[in-house]
Structures are given as structure tokens and as C-alpha cells.
Amino acid sequence: MKKVDVVLGLQWGDEGKGKVVDVLTPNYNVIARFQGGPNAGHSLHFGGDKFVLHTVPSGIFRDGAVNIIGNGVVIDPVILADEIAQIEAKGVDVVSRLTISKRAHLILPTHRVLDAASEAAKGKTKIGSTLKGIGPAYMDKTGRNGLRVGDILLPDFMERYEQLKTKHLFQLRQYDYVYDIDNYEKEWFAGIEQLRRFRFVDSEMVVNGYIADDVSILAEGAQGSLLDIDFGTYPYVTSSNTLCAGVCTGLGVAPTRIGNVYGIFKAYCTRVGSGPFPTELFDSTGECLRQVGNEFGATTGRPRRCGWLDLVALKYAVTMNGVTDLIMMKSDVLNDFDTIKVAVGYEVNGERIDYFPYESDADITPIYREFEGWNCDICNVRNYDDFPQQFKDYVAFIEQETGVSVKIISVGPDREETIVR
């Protein structure tokens, strides 16, 4: 019996999951998103085109692949309808390739307003929300008030919508926040009509049926492990379980059905929004990483915070996810550095530690190990043996410290700029 393989990010998101899923999908019949919402921005580059997927699984461009939006995902019908329209404009038959879990929750227009009002009220303590309404939607889910995709088919759908909207409008009275949802609400209901074109399924039964029939499945995560609601840098985290364990609850898969876990990381670190970032660079080196790596959010356009690779945090993520294979992205961004640094420990209140602490917002000073840079363009390398020795030393050290092999190395955004070892 085949098991469900998992691909997820090991840092603070933006690791390059979209490209990796696109590269891996020829080996899988089913690609399923298991958590998160439209704050995800999975970028795919091929044939001279760039696509940014927010909710649709990254296997949508592969002929013959089944794409499933799982129950753990929260969906904004406006964003999803727009995304689908852009994909269909390229000649892709999305209706035949995409199914949606009835149990996936909907993001209402008032969820977005609540998100913005709450963030504005926090002032300097804001968490850096993308203001997509994702947090409030998950709050309604856990509060047992949510509206789900399957509810669209019920005769009292409008009554349920109005009931939840009324609750939100009452909550908004506590904020000094001006808003108008009329236009977005019209787009929202237009998006609901677009969703009616698709198959709404009991995805847990569908996925387990595929497992029983030995169909190969790849579970696609969003955001990153260090943004996990339980094990990330709380409260500067997302609202879902981004770890491998989220596959079990986000798709209805038993733990014993998890197979390979592909953990993706950049050759350096980035973060969007507020929150701890021990290796963040505020100098010209950090700006160089941002410009060369084009570190601006695929969803928001916000400049990302940049810094050296944090092996303490990476080892933590590897452990929490049970990673079996590492995938290193954006290796080429480090082409022109004379010296490359890697954090191998932290100093906290004068004490050296080698683990990721609960007090992640404490005054952490990273302890670095320095490596000689390769100082050459590796973008055209297609065989691991052809990499410069300095690059191989960098990879070997990461493997030694994490205890996991780096199976795939990316040296550019295109499908072809990928080395599989």
C-alpha cells in the first residue's frame, strides 16, 4: 500500500514550495493542499511564464493529475475564483482537475474586516497578518461557528451566511474601524457561484480510497514550520498546523499512512511580518540577499526580512516534521559572497544553547560558523559533481548537522534549474 508523501517548508514560509511540488508532481497522481489559506503564494516558473498559486494545489498544470483542496484549508471564494480564471486563461481545464473538500471552511468578507480591525488595534504589537481574514476564519472554525464549502449546497445557506455575518458585525462594534463590505460581498457571492462548477467531495474518503488503491499522493503544505500555531514563534504565527502532523487532520490521513517527508529550506533565511528572526541582517548584506533573491512577497509584495541560514531552527523543524529528505532552494543567491555564515547555536542571557527555545522573542545572539563562498555562477550546473568544492562543503555541513540528505538543489526559478541527487 502506497503512503502519502509530504512536502512542506522548514522556515518562515516562502521557501519555494510551489516549484518543488511542480518538479515532484510527475511522480504523483494526486496533489492535495492540507492547510492554510490564500496568504500562501506558491510561484511556478516554466515556459517563460510565472504563475502564483494561493489556494489551488501546485499540480494543476500537470496533465492527468488530480488536485484536492483539503478540509484543513480555508477558502476565500473571491481569491479562488480569480486564481481559477487566470489558470483557465492559459487553456487549463481546471474543473476536471480540481476537487474541493466539503469540510473546508469559507472566509467571509466580514472575516477580512475583523482581521484588519484587529491588526490595526494592536498597533506596535501587530503580528504582521496578511489581512486575508484567515485568522478569524480559523477562530470561527474552532469556535464551531464556521461556514463550510458543503454548506453552499444546503437550502438554508443564505440564512447561515447572514447569521455569521451578523455575529461579525456585532464583534466589529468593539473597534474604532471604518469599513464597507458591499462591493467585496458582491464579488464573494459571484465567487460562490463559480465554486458551484466544481465537485465538492468528502475528501477524507476520497484520499483514503486512493491510498487503498495504491495511488501515489503528495500532500502540499503552505507557510512554514516556524509559523505553526503550536510550535512556531507564537504569537507571530499563522492559524493552522503547518507541520507534517497537519496532514493527518487536514486531509483525514492516519499517522501510519505518512511516507516520505520532503523538507524545503532556502540556503539562507527570510521572514515576512513581525516576529523573532535571530539571524536577520540589517546591513548591506541583508539588502543584497533581498535584491538578488527578489525577496518580495508573492502574495503581498512586501519586502522580506533576510538573514543567514539558521541551523538551530532548521534542525528543530527537521525533528518536528520527521523529515526524510531535504530540498535546498535559491542556492544561486549566494553566488557572489566571499564569506557565508551559518548559525550553529544561540547565546541567550549569556548562556550558549543549541536548541530552539520557548522564549523565541528573547534577546538571542546567533553563534556563527563561517564558510568560504564559491564566488561563481552555479545557475547552469545540472550535475552535483560539477558544483564547486566550496558549495559541496556547505551542503555536506548541513547534512552532517541535520542528519538528513539534501536530495534536491535548486539553482534558479525554472523547472529545469533543478538538480536531483
# chains A, B, ... in the order shown; residues from 1 in each chain; ligands from 1

$ select_by_dssp --residues "region 4-116 of chain A" --states "strand (DSSP E)" --output "short mmCIF file (atom, residue, chain, number, x, y, z; two decimals) with N, CA and C atoms, in the first residue's frame"
data_model
loop_
_atom_site.label_atom_id
_atom_site.label_comp_id
_atom_site.auth_asym_id
_atom_site.auth_seq_id
_atom_site.Cartn_x
_atom_site.Cartn_y
_atom_site.Cartn_z
N VAL A 4 1.23 8.41 1.84
CA VAL A 4 1.14 9.81 1.43
C VAL A 4 2.48 10.49 1.70
N ASP A 5 3.13 10.96 0.66
CA ASP A 5 4.35 11.74 0.83
C ASP A 5 3.97 13.20 1.08
N VAL A 6 4.85 13.91 1.76
CA VAL A 6 4.54 15.27 2.20
C VAL A 6 5.66 16.22 1.78
N VAL A 7 5.29 17.39 1.29
CA VAL A 7 6.27 18.43 1.01
C VAL A 7 5.83 19.69 1.77
N LEU A 8 6.77 20.24 2.55
CA LEU A 8 6.44 21.41 3.38
C LEU A 8 7.66 22.26 3.60
N GLY A 9 7.43 23.48 4.07
CA GLY A 9 8.51 24.42 4.33
C GLY A 9 9.06 24.27 5.73
N VAL A 30 -1.94 12.35 -7.41
CA VAL A 30 -2.80 13.24 -6.63
C VAL A 30 -1.94 14.23 -5.85
N ILE A 31 -2.32 15.51 -5.92
CA ILE A 31 -1.67 16.54 -5.12
C ILE A 31 -2.74 17.21 -4.29
N ALA A 32 -2.53 17.27 -2.97
CA ALA A 32 -3.57 17.77 -2.06
C ALA A 32 -3.01 18.82 -1.11
N ARG A 33 -3.63 20.00 -1.07
CA ARG A 33 -3.31 21.01 -0.07
C ARG A 33 -3.99 20.64 1.23
N HIS A 42 2.50 30.28 -3.85
CA HIS A 42 3.40 29.28 -4.41
C HIS A 42 3.67 29.62 -5.88
N SER A 43 4.90 30.03 -6.17
CA SER A 43 5.27 30.51 -7.50
C SER A 43 5.80 29.38 -8.37
N LEU A 44 5.29 29.30 -9.59
CA LEU A 44 5.75 28.32 -10.57
C LEU A 44 6.29 29.07 -11.78
N HIS A 45 7.45 28.64 -12.29
CA HIS A 45 8.06 29.25 -13.48
C HIS A 45 8.31 28.15 -14.51
N PHE A 46 7.72 28.28 -15.67
CA PHE A 46 8.01 27.37 -16.76
C PHE A 46 7.49 27.95 -18.07
N ASP A 49 6.65 31.62 -18.48
CA ASP A 49 5.55 32.20 -17.71
C ASP A 49 5.78 32.03 -16.21
N LYS A 50 5.13 32.90 -15.44
CA LYS A 50 5.14 32.78 -13.99
C LYS A 50 3.70 32.72 -13.49
N PHE A 51 3.44 31.76 -12.60
CA PHE A 51 2.11 31.64 -12.00
C PHE A 51 2.28 31.65 -10.48
N VAL A 52 1.40 32.38 -9.80
CA VAL A 52 1.40 32.38 -8.34
C VAL A 52 0.09 31.77 -7.87
N LEU A 53 0.19 30.63 -7.20
CA LEU A 53 -0.99 29.92 -6.72
C LEU A 53 -1.19 30.21 -5.23
N VAL A 66 -4.70 14.75 -10.30
CA VAL A 66 -5.87 15.13 -9.52
C VAL A 66 -5.42 16.10 -8.43
N ASN A 67 -6.09 17.24 -8.31
CA ASN A 67 -5.73 18.24 -7.31
C ASN A 67 -6.89 18.39 -6.32
N ILE A 68 -6.56 18.31 -5.03
CA ILE A 68 -7.58 18.35 -3.99
C ILE A 68 -7.28 19.48 -3.01
N ILE A 69 -8.28 20.33 -2.75
CA ILE A 69 -8.20 21.30 -1.66
C ILE A 69 -8.81 20.63 -0.45
N VAL A 74 -8.65 26.97 4.42
CA VAL A 74 -9.73 27.96 4.46
C VAL A 74 -9.73 28.70 3.13
N ILE A 75 -10.93 28.91 2.55
CA ILE A 75 -11.07 29.37 1.17
C ILE A 75 -11.78 30.71 1.11
N LEU A 98 -9.63 19.68 -10.51
CA LEU A 98 -9.68 20.17 -9.13
C LEU A 98 -10.94 19.72 -8.42
N THR A 99 -10.79 19.20 -7.20
CA THR A 99 -11.92 18.90 -6.33
C THR A 99 -11.71 19.61 -5.00
N ILE A 100 -12.81 19.89 -4.31
CA ILE A 100 -12.75 20.68 -3.08
C ILE A 100 -13.47 19.94 -1.97
N SER A 101 -12.85 19.89 -0.80
CA SER A 101 -13.45 19.22 0.35
C SER A 101 -14.68 19.98 0.83
N HIS A 105 -13.35 25.27 5.25
CA HIS A 105 -14.11 26.43 5.73
C HIS A 105 -13.97 27.62 4.78
N LEU A 106 -15.00 28.46 4.78
CA LEU A 106 -15.05 29.64 3.93
C LEU A 106 -14.63 30.89 4.70
#

$ residues_around --residues "Asp332 (chain A)" --least-positions-apart "4" --cutoff "8 Å" --atoms "only C-alpha atoms" --output "number ranges by chain"
A: 377-379, 410-412

$ select_by_dssp --residues "region 223-375 of chain A" --states "helix (DSSP H, G or I)" --output "MDAnalysis selection string"
chainID A and resid 225:227 245:251 255:257 284:292 311:321 331:334

$ closest_residue --among "A:Pro276, A:Gly70, A:Gly403, A:Gly297" --to "Thr319 (chain A)" --atoms "only C-alpha atoms"
A:Gly403

$ closest_residue --among "A:Lys315, A:Arg144, A:Lys122, A:Arg199" --to "Asp354 (chain A)" --atoms "only C-alpha atoms"
A:Lys315
